[in-house]
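A.B. asks: I'm passing along input.cif; it holds mmCIF, C-alpha atoms.
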```
data_entry
#
loop_
_atom_site.label_atom_id
_atom_site.label_comp_id
_atom_site.auth_asym_id
_atom_site.auth_seq_id
_atom_site.Cartn_x
_atom_site.Cartn_y
_atom_site.Cartn_z
CA MET A 1 27.82 27.51 44.04
CA GLN A 2 26.27 24.36 45.52
CA ASP A 3 23.00 25.13 43.69
CA THR A 4 24.89 25.44 40.40
CA LEU A 5 26.57 22.07 40.88
CA THR A 6 23.26 20.48 41.80
CA ASN A 7 21.61 21.96 38.69
CA LEU A 8 24.47 20.70 36.50
CA ARG A 9 24.12 17.23 37.98
CA ILE A 10 20.38 17.27 37.32
CA GLN A 11 20.92 18.44 33.72
CA ASP A 12 23.62 15.82 33.38
CA GLY A 13 21.10 13.16 34.25
CA ALA A 14 22.81 12.44 37.54
CA ALA A 15 20.55 11.63 40.42
CA PRO A 16 21.45 11.41 44.08
CA ALA A 17 23.43 8.28 44.89
CA PRO A 18 21.07 5.33 45.20
CA THR A 19 20.61 3.61 48.47
CA GLY A 20 21.06 -0.10 48.03
CA PRO A 21 22.40 -2.11 45.11
CA LEU A 22 23.09 -0.24 41.86
CA THR A 23 20.75 -1.17 39.02
CA LEU A 24 21.01 -0.71 35.29
CA GLU A 25 18.27 1.90 35.54
CA ASP A 26 20.37 3.85 38.06
CA LEU A 27 23.36 3.75 35.73
CA TYR A 28 21.20 4.88 32.84
CA ARG A 29 19.85 7.87 34.78
CA GLN A 30 23.25 8.84 36.14
CA HIS A 31 25.49 8.38 33.09
CA ARG A 32 23.43 8.43 29.91
CA MET A 33 23.74 12.13 29.11
CA ARG A 34 27.46 12.19 29.86
CA LEU A 35 27.97 9.20 27.56
CA VAL A 36 25.83 10.77 24.82
CA ARG A 37 27.99 13.91 24.98
CA LEU A 38 31.12 11.76 24.76
CA ALA A 39 29.76 9.92 21.73
CA LEU A 40 28.59 13.19 20.16
CA LEU A 41 32.09 14.61 20.39
CA LEU A 42 33.40 11.48 18.67
CA VAL A 43 30.81 10.93 15.92
CA ASP A 44 29.51 14.51 15.51
CA GLU A 45 25.89 13.48 14.95
CA PRO A 46 23.28 13.47 17.75
CA ALA A 47 21.14 10.57 16.52
CA THR A 48 24.18 8.37 15.93
CA ALA A 49 25.61 9.30 19.33
CA GLU A 50 22.37 8.26 21.01
CA ASP A 51 22.39 4.98 19.07
CA VAL A 52 25.96 4.25 20.17
CA VAL A 53 25.06 4.86 23.83
CA GLN A 54 21.93 2.75 23.51
CA GLU A 55 24.01 -0.11 22.08
CA ALA A 56 26.44 0.24 25.00
CA PHE A 57 23.61 -0.06 27.53
CA THR A 58 22.18 -3.01 25.62
CA GLY A 59 25.56 -4.75 25.79
CA LEU A 60 25.79 -4.00 29.49
CA HIS A 61 22.34 -5.49 30.03
CA ARG A 62 23.42 -8.69 28.26
CA ASN A 63 26.51 -8.96 30.48
CA TRP A 64 24.99 -7.64 33.72
CA SER A 65 25.46 -10.93 35.59
CA ASN A 66 29.22 -10.97 34.84
CA LEU A 67 29.96 -7.52 36.35
CA ARG A 68 32.29 -7.15 39.33
CA ASP A 69 30.92 -3.84 40.67
CA ALA A 70 29.32 -0.53 39.71
CA GLN A 71 32.63 1.09 38.77
CA ALA A 72 33.26 -1.76 36.35
CA ALA A 73 29.87 -1.02 34.79
CA VAL A 74 30.73 2.65 34.22
CA GLY A 75 34.09 1.69 32.72
CA TYR A 76 32.40 -0.90 30.54
CA LEU A 77 29.92 1.69 29.28
CA ARG A 78 32.61 4.27 28.55
CA THR A 79 34.73 1.73 26.67
CA ALA A 80 31.69 0.46 24.75
CA VAL A 81 30.78 4.02 23.71
CA VAL A 82 34.33 4.76 22.51
CA ASN A 83 34.52 1.46 20.60
CA GLY A 84 31.03 1.93 19.16
CA SER A 85 31.99 5.43 18.00
CA ARG A 86 35.14 4.07 16.37
CA SER A 87 33.06 1.51 14.53
CA VAL A 88 30.70 4.21 13.27
CA LEU A 89 33.65 6.26 12.02
CA ARG A 90 35.19 3.21 10.30
CA ARG A 91 31.89 2.46 8.54
CA ARG A 92 31.61 6.09 7.43
CA LYS A 93 35.14 6.05 6.02
CA THR A 94 34.49 2.78 4.23
CA ALA A 95 31.28 4.15 2.74
CA ARG A 96 33.04 7.34 1.59
CA ASP A 97 35.94 5.40 0.04
CA TYR A 98 33.73 2.85 -1.72
CA THR A 99 33.79 2.96 -5.49
CA PRO A 100 31.20 0.81 -7.26
CA PRO A 101 32.75 -1.91 -9.45
CA HIS A 102 31.06 -0.51 -12.56
CA VAL A 103 28.83 2.33 -13.52
CA ALA A 104 25.49 1.63 -15.19
CA ASN A 105 25.22 2.75 -18.78
CA ALA A 106 21.78 4.27 -18.32
CA ARG A 107 21.55 7.69 -19.89
CA SER A 108 21.06 10.58 -17.55
CA ALA A 109 19.16 13.69 -18.44
CA GLU A 110 22.44 15.59 -18.61
CA SER A 111 24.00 13.16 -21.08
CA LEU A 112 20.93 13.29 -23.32
CA ALA A 113 21.06 17.07 -23.31
CA MET A 114 24.65 16.96 -24.50
CA LEU A 115 23.99 14.64 -27.45
CA THR A 116 23.85 16.16 -30.89
CA ALA A 117 20.41 17.08 -32.17
CA GLU A 118 20.58 14.33 -34.79
CA HIS A 119 21.53 11.70 -32.24
CA GLN A 120 18.68 12.84 -29.99
CA ALA A 121 16.27 12.51 -32.90
CA VAL A 122 17.47 8.94 -33.55
CA VAL A 123 17.06 8.02 -29.86
CA ARG A 124 13.51 9.47 -29.84
CA ALA A 125 12.66 7.62 -33.08
CA LEU A 126 14.04 4.36 -31.68
CA SER A 127 11.76 4.67 -28.68
CA GLN A 128 8.76 4.75 -31.05
CA LEU A 129 9.63 1.40 -32.68
CA PRO A 130 8.09 -1.88 -31.53
CA PRO A 131 10.23 -3.62 -28.89
CA ARG A 132 11.64 -6.35 -31.16
CA GLN A 133 12.62 -3.90 -33.89
CA ARG A 134 14.23 -1.59 -31.34
CA GLU A 135 16.17 -4.52 -29.82
CA VAL A 136 17.48 -5.67 -33.19
CA LEU A 137 18.65 -2.20 -34.23
CA VAL A 138 20.21 -1.41 -30.89
CA LEU A 139 22.05 -4.73 -30.76
CA ARG A 140 23.21 -4.32 -34.36
CA TYR A 141 24.27 -0.68 -34.50
CA TYR A 142 24.96 0.20 -30.87
CA GLY A 143 26.04 -3.21 -29.64
CA ASP A 144 27.99 -4.10 -32.81
CA LEU A 145 26.63 -7.66 -32.79
CA SER A 146 26.47 -9.81 -35.89
CA GLU A 147 23.16 -11.19 -37.16
CA ALA A 148 24.01 -14.59 -35.68
CA GLU A 149 24.81 -13.04 -32.27
CA ILE A 150 21.57 -11.05 -32.34
CA ALA A 151 19.61 -14.21 -33.21
CA GLU A 152 21.19 -16.00 -30.27
CA ALA A 153 20.64 -13.08 -27.87
CA THR A 154 16.98 -12.55 -28.79
CA GLY A 155 16.00 -16.16 -29.43
CA ILE A 156 14.86 -15.59 -33.02
CA SER A 157 16.21 -17.00 -36.28
CA LYS A 158 18.92 -15.30 -38.33
CA GLY A 159 16.45 -14.72 -41.17
CA THR A 160 14.00 -13.05 -38.77
CA VAL A 161 16.83 -10.80 -37.58
CA LYS A 162 17.49 -9.71 -41.17
CA SER A 163 13.85 -9.01 -41.99
CA THR A 164 13.20 -7.31 -38.64
CA ALA A 165 16.24 -5.07 -39.11
CA SER A 166 15.11 -4.16 -42.61
CA ARG A 167 11.58 -3.28 -41.47
CA ALA A 168 12.97 -1.39 -38.46
CA LEU A 169 15.27 0.72 -40.63
CA ASP A 170 12.37 1.56 -42.96
CA ALA A 171 10.16 2.50 -39.99
CA LEU A 172 12.98 4.53 -38.45
CA GLN A 173 13.47 6.43 -41.69
CA LYS A 174 9.75 7.26 -41.89
CA ILE A 175 9.67 8.42 -38.28
CA MET A 176 12.76 10.57 -38.83
CA ALA A 177 11.28 12.10 -42.00
CA GLY A 178 8.11 13.02 -40.09
CA ASN A 179 10.05 14.88 -37.35
#
```
The structure given in the file should be rewritten as structure tokens.
C.D. replies:
Amino acid sequence: MQDTLTNLRIQDGAAPAPTGPLTLEDLYRQHRMRLVRLALLLVDEPATAEDVVQEAFTGLHRNWSNLRDAQAAVGYLRTAVVNGSRSVLRRRKTARDYTPPHVANARSAESLAMLTAEHQAVVRALSQLPPRQREVLVLRYYGDLSEAEIAEATGISKGTVKSTASRALDALQKIMAGN
């Protein structure tokens, strides 16, 4: 029975009681595994549990000169692990509950697959136009902008918008006829 308890203490990271003043290293050897198990039960993820315990020991190191005694250090560590675990759980909940303010309008592969065949052909043909022509047509027919608004958005004159749109529609028609 005594051998079993000794083996459990060794597996637990506990070493024989130190002779002399207790150091942070002694506390680490004696209590680390127990604190990791505590954190693991709270956060349910080994790497995160180890991070929480490491943060607790880091905090203890920063405040080592303000400690009353060794028992205060163990209590400090236990409280720091519980509070650190709570913080992890709060951050997880916040991340799960977060809804982005808006969704990007970029087309996914799934949405393109669901478009009608004709619409897909138009999108493919648009991608073959020169950039300025594509911009003008997209702003006009998908963005519902007027010629004046397109001119302002693209930095070209209203007359250039008209002629570019006309040339783009002709080019689009030729591309569509070839497909």
A.B. asks: Can you tell me which residues surround region 65-79 of chain A at a distance of at most 10 Å, considering all atoms listed in the file, apart from same-chain residues fewer than 3 positions away, and format the answer as a CSV table (one decimal) with C-alpha atoms, in the coordinates of the input?
C.D. replies:
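Output (part.csv):
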```csv
chain,number,residue,atom,x,y,z
A,21,PRO,CA,22.4,-2.1,45.1
A,22,LEU,CA,23.1,-0.2,41.9
A,23,THR,CA,20.8,-1.2,39.0
A,24,LEU,CA,21.0,-0.7,35.3
A,27,LEU,CA,23.4,3.8,35.7
A,28,TYR,CA,21.2,4.9,32.8
A,30,GLN,CA,23.2,8.8,36.1
A,31,HIS,CA,25.5,8.4,33.1
A,32,ARG,CA,23.4,8.4,29.9
A,34,ARG,CA,27.5,12.2,29.9
A,35,LEU,CA,28.0,9.2,27.6
A,38,LEU,CA,31.1,11.8,24.8
A,39,ALA,CA,29.8,9.9,21.7
A,53,VAL,CA,25.1,4.9,23.8
A,54,GLN,CA,21.9,2.8,23.5
A,55,GLU,CA,24.0,-0.1,22.1
A,56,ALA,CA,26.4,0.2,25.0
A,57,PHE,CA,23.6,-0.1,27.5
A,58,THR,CA,22.2,-3.0,25.6
A,59,GLY,CA,25.6,-4.8,25.8
A,60,LEU,CA,25.8,-4.0,29.5
A,61,HIS,CA,22.3,-5.5,30.0
A,62,ARG,CA,23.4,-8.7,28.3
A,82,VAL,CA,34.3,4.8,22.5
A,83,ASN,CA,34.5,1.5,20.6
A,84,GLY,CA,31.0,1.9,19.2
A,85,SER,CA,32.0,5.4,18.0
```
A.B. asks: For Ala171 (chain A), which residue out of A:His119, A:Leu40, A:Val136, A:Leu129 is the nearest one, using only C-alpha atoms?
C.D. replies: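 Answer, going by the shortest atom-to-atom distance: A:Leu129.
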A.B. asks: For CA of Ser146 (chain A) and CA of Ile175 (chain A), determine how far apart the two atoms are, in Å to one decimal place.
C.D. replies: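 Going from CA of Ser146 (chain A) over to CA of Ile175 (chain A), I get 24.9 Å.
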A.B. asks: Smallest atom-to-atom distance to Tyr141 (chain A): which of A:Ile156, A:Ala117, A:Ala80, A:Ala165, using all atoms listed in the file?
C.D. replies: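 Checking each of A:Ile156, A:Ala117, A:Ala80, A:Ala165 against Tyr141 (chain A), counting all atoms listed in the file, the winner is A:Ala165.
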A.B. asks: Could you work out how far CA of Asp51 (chain A) lies from CA of Arg37 (chain A), giving the answer in Å with one decimal?
C.D. replies: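 A separation of 12.1 Å between them.
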A.B. asks: Using only C-alpha atoms, which residue out of A:Met176, A:Ala121, A:Gln133, A:Asp144 lies closest to Thr160 (chain A)?
C.D. replies: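 Smallest distance to Thr160 (chain A) is found for A:Gln133.
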A.B. asks: I'd like the contact shell of Ala177 (chain A) - 12 Å cut-off, all atoms listed in the file, skipping same-chain residues fewer than 4 positions apart - returned as a ChimeraX atom specification.
C.D. replies: /A:118,121-122,125,170-173
A.B. asks: Quick check, in Å to one decimal: how far apart do CA of Arg132 (chain A) and CA of Ser157 (chain A) lie?
C.D. replies: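 Between CA of Arg132 (chain A) and CA of Ser157 (chain A) the gap is 12.7 Å.
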A.B. asks: When distances are computed from only C-alpha atoms, which of A:Asn63, A:Leu139, A:Asp44, A:Arg124 shows the smallest separation from Arg92 (chain A)?
C.D. replies: A:Asp44
A.B. asks: I want to know what sits within 9 Å of Leu89 (chain A), based on only C-alpha atoms, with residues of the same chain fewer than 5 positions away left out; could you give that as a list in words?
C.D. replies: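 Contacts, with the query itself left out: Leu42, Val43, Gly84 and Thr94 of chain A.
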A.B. asks: Have a look at A:Lys174, A:Glu135, A:Ala47, A:Thr116 and name the one nearest to Gly155 (chain A); count all atoms listed in the file.
C.D. replies: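 Looking only at the distances to Gly155 (chain A), the closest residue turns out to be A:Glu135.
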